[in-house]
Amino acid sequence: MNENSCSFHSEKELRDGQVESVCAAYPSPYDKDTGVLRALRGIPISELKNHGILRALTAEANGWQPGVVNAEVLRAQEEWEAVDNIQTESGNQASVDQPGQLISFSEALQHFQTVDLSSFKKRIQPTIRRTGLAAIRHCLFGPPKLHQGLREERDLVLTIAQCGLDSQDPMHGRVLQTIYKKLTGSKFDCALHGDHWEDLGFQGANPATDLRGAGFLALLHLLYLVMDSKTLLMAQEIFRLSRHHIQFPFCLMSVNITRITIQALREDSLSRECNRQQKVVPVVNSFYAATFLRLAHVWRTQQKTIADSGLVLKDLEVLAKKSPRRLLKTLEIYLAGVSKGQASLLGAPKCYGPQAPHSKDLTFTGVCDLPPHSSEGRAYLGLPREM
């Protein structure tokens with residue numbers, strides 16, 4: 001009997017795993033193995049995967065076990081194992097040590113809690129040093145100091161902000177991949193360097209170059225935003241807004257929000273709320289998210305452009321430090337509305353619509369790029385004073 005006499009009669013036979021019915025005229029085990037492989041050779045690997053044929057060829061099924069370890073069987077098994085690990089070809093490939101599964105915020109934070117960060121911890125300045133009248137005024141009228149039992153947690157947050165992005169660290173790679181997948185909806189891993197990061201709002205092909213002043217904490221904040229079920233919708237809305245006709249660089253803006261959060265933590269602006277909740281990390285995360293939400297609202301309602309970015313962020317920093325509780329309450333109201341399925345509180349378009357073309361010539365001014373006493377273009381952001 002020749003190869004053409006072997007054929008598949010129906011898709012049902014494949015689903016039922018009836019490999020032996022593919023070709024019934026092979027008396028010896030070796031002939032049977034070879035004949036089945038000839039019949040399967042013209043079928044796409046995806047179909048073999050879907051119908052479980054490869055597993056039937058490499059493991060005992062319905063009492064049949066291959067009599068000979070054939071090279072084609074081994075090659076087919078390798079192709080089967082590679083189906084779920086397809087990666088894009090553009091740019092530098094992600095390391096094979098970086099699994100494609102998503103990583104949660106708590107898992108990434110636990111990583112930093114268990115590794116030795118002593119060299120980074122030496123660099124931090126937990127609080128702002130004040131002298132003279134400024135110290136007296138802060139002591140009399142400023143926010144309370146952070147409770148002693150919470151200072152270690154605060155120092156961990158500030159230490160993470162001193163750590164850079166290491167593309168050779170599998171955990172770092174997983175954080176990047178998770179951010180990319182959750183924002184874009186992609187099912188596949190992407191290269192750790194490449195132009196696709198500019199589409200997310202980084203200034204270049206390497207995200208590490210945009211983390212100045214915020215370190216890996218900036219990526220942890222993005223991870224929190226996209227992996228928390230309560231804030232994911234907000235992240236996607238702000239991302240859509242950033243790609244609309246009033247375009248701004250999403251990830252770069254997020255890094256600047258993290259910088260503001262770090263300064264608010266060091267200046268004790270968050271101490272009252274941290275003391276009330278007896279936690280630091282959740283308060284820092286919520287403050288970051290609330291500040292980002294406020295930025296998106298201002299950007300949309302006041303029709304800001306990329307040229308306004310520096311002054312908008314400077315005004316936002318002043319407001320956030322002065323009224324953190326008010327921002328947190330706004331976030332709470334927004335998330336409550338989302339949980340009830342209400343319309344977008346941002347008012348951002350539900351579809352992408354016309355987008356401004358991405359331009360590498362756009363100049364973004366961050367918080368750290370402004371003169372310390374710049375007041376040009378200041379605008380009232382519309383939140384009442386905190387009582």
# chains A, B, ... in the order shown; residues from 1 in each chain; ligands from 1

$ residues_around --residues "Ile103 of chain A" --least-positions-apart "4" --cutoff "12 Å" --atoms "only C-alpha atoms" --output "ChimeraX atom specification"
/A:98-99,107-111,170-182,220,223-224,226-228

$ closest_atom_pairs --of "segment 281-324 of chain A" --to "segment 258-273 of chain A" --cutoff "6 Å" --atoms "only C-alpha atoms" --output "CSV"
residue,atom,partner,partner_atom,distance
A:Tyr288,CA,A:Thr261,CA,6.0
A:Glu317,CA,A:Ile260,CA,5.8
A:Lys321,CA,A:Ser269,CA,5.6

$ atom_distance --atom1 "atom CA of Val115 of chain A" --atom2 "atom CA of Gln278 of chain A"
24.1 Å

$ closest_residue --among "A:Thr231, A:Lys322, A:Ile333, A:Pro249" --to "Asn285 of chain A" --atoms "only C-alpha atoms"
A:Thr231

$ closest_residue --among "A:Phe287, A:Met253, A:Glu237, A:Ser167" --to "Gln203 of chain A" --atoms "only C-alpha atoms"
A:Met253

$ select_by_dssp --residues "segment 241-349 of chain A" --states "helix (DSSP H, G or I)" --output "NGL selection string"
:A and (241-242 or 250-266 or 271-277 or 281-301 or 306-322 or 324-339)

$ atom_distance --atom1 "atom CA of Asp195 of chain A" --atom2 "atom CA of Ala235 of chain A"
21.1 Å

$ closest_residue --among "A:Phe120, A:Ala290, A:Val338, A:Leu192" --to "Gly204 of chain A" --atoms "only C-alpha atoms"
A:Leu192

$ residues_around --residues "segment 116-119 of chain A" --least-positions-apart "6" --cutoff "10 Å" --atoms "only C-alpha atoms" --output "PyMOL selection string"
chain A and resi 156+159-160+162-163

$ closest_residue --among "A:Leu252, A:Leu200, A:Asn275, A:Ala161" --to "Gly310 of chain A" --atoms "only C-alpha atoms"
A:Leu252

$ atom_distance --atom1 "atom CA of Ser339 of chain A" --atom2 "atom CA of Val312 of chain A"
29.3 Å

$ residues_around --residues "Gln277 of chain A" --least-positions-apart "6" --cutoff "12 Å" --atoms "only C-alpha atoms" --output "mmCIF file with N, CA and C atoms, in the first residue's frame"
data_model
loop_
_atom_site.group_PDB
_atom_site.id
_atom_site.type_symbol
_atom_site.label_atom_id
_atom_site.label_comp_id
_atom_site.auth_asym_id
_atom_site.auth_seq_id
_atom_site.Cartn_x
_atom_site.Cartn_y
_atom_site.Cartn_z
ATOM 1 N N LEU A 146 6.046 59.979 59.894
ATOM 2 C CA LEU A 146 5.650 58.585 59.701
ATOM 3 C C LEU A 146 5.950 57.785 60.961
ATOM 4 N N HIS A 147 5.026 56.904 61.334
ATOM 5 C CA HIS A 147 5.242 56.067 62.510
ATOM 6 C C HIS A 147 6.514 55.235 62.359
ATOM 7 N N LEU A 150 6.591 51.932 60.417
ATOM 8 C CA LEU A 150 6.348 51.960 58.979
ATOM 9 C C LEU A 150 7.564 52.425 58.184
ATOM 10 N N LEU A 270 2.412 62.004 52.632
ATOM 11 C CA LEU A 270 1.589 60.800 52.696
ATOM 12 C C LEU A 270 1.587 60.168 54.083
ATOM 13 N N SER A 271 2.294 60.776 55.009
ATOM 14 C CA SER A 271 2.463 60.150 56.328
ATOM 15 C C SER A 271 1.147 60.005 57.075
ATOM 16 N N VAL A 283 -0.742 52.724 50.113
ATOM 17 C CA VAL A 283 -1.007 54.157 50.049
ATOM 18 C C VAL A 283 -0.224 54.796 48.912
ATOM 19 N N VAL A 284 1.031 54.419 48.766
ATOM 20 C CA VAL A 284 1.867 54.952 47.683
ATOM 21 C C VAL A 284 1.274 54.586 46.328
#
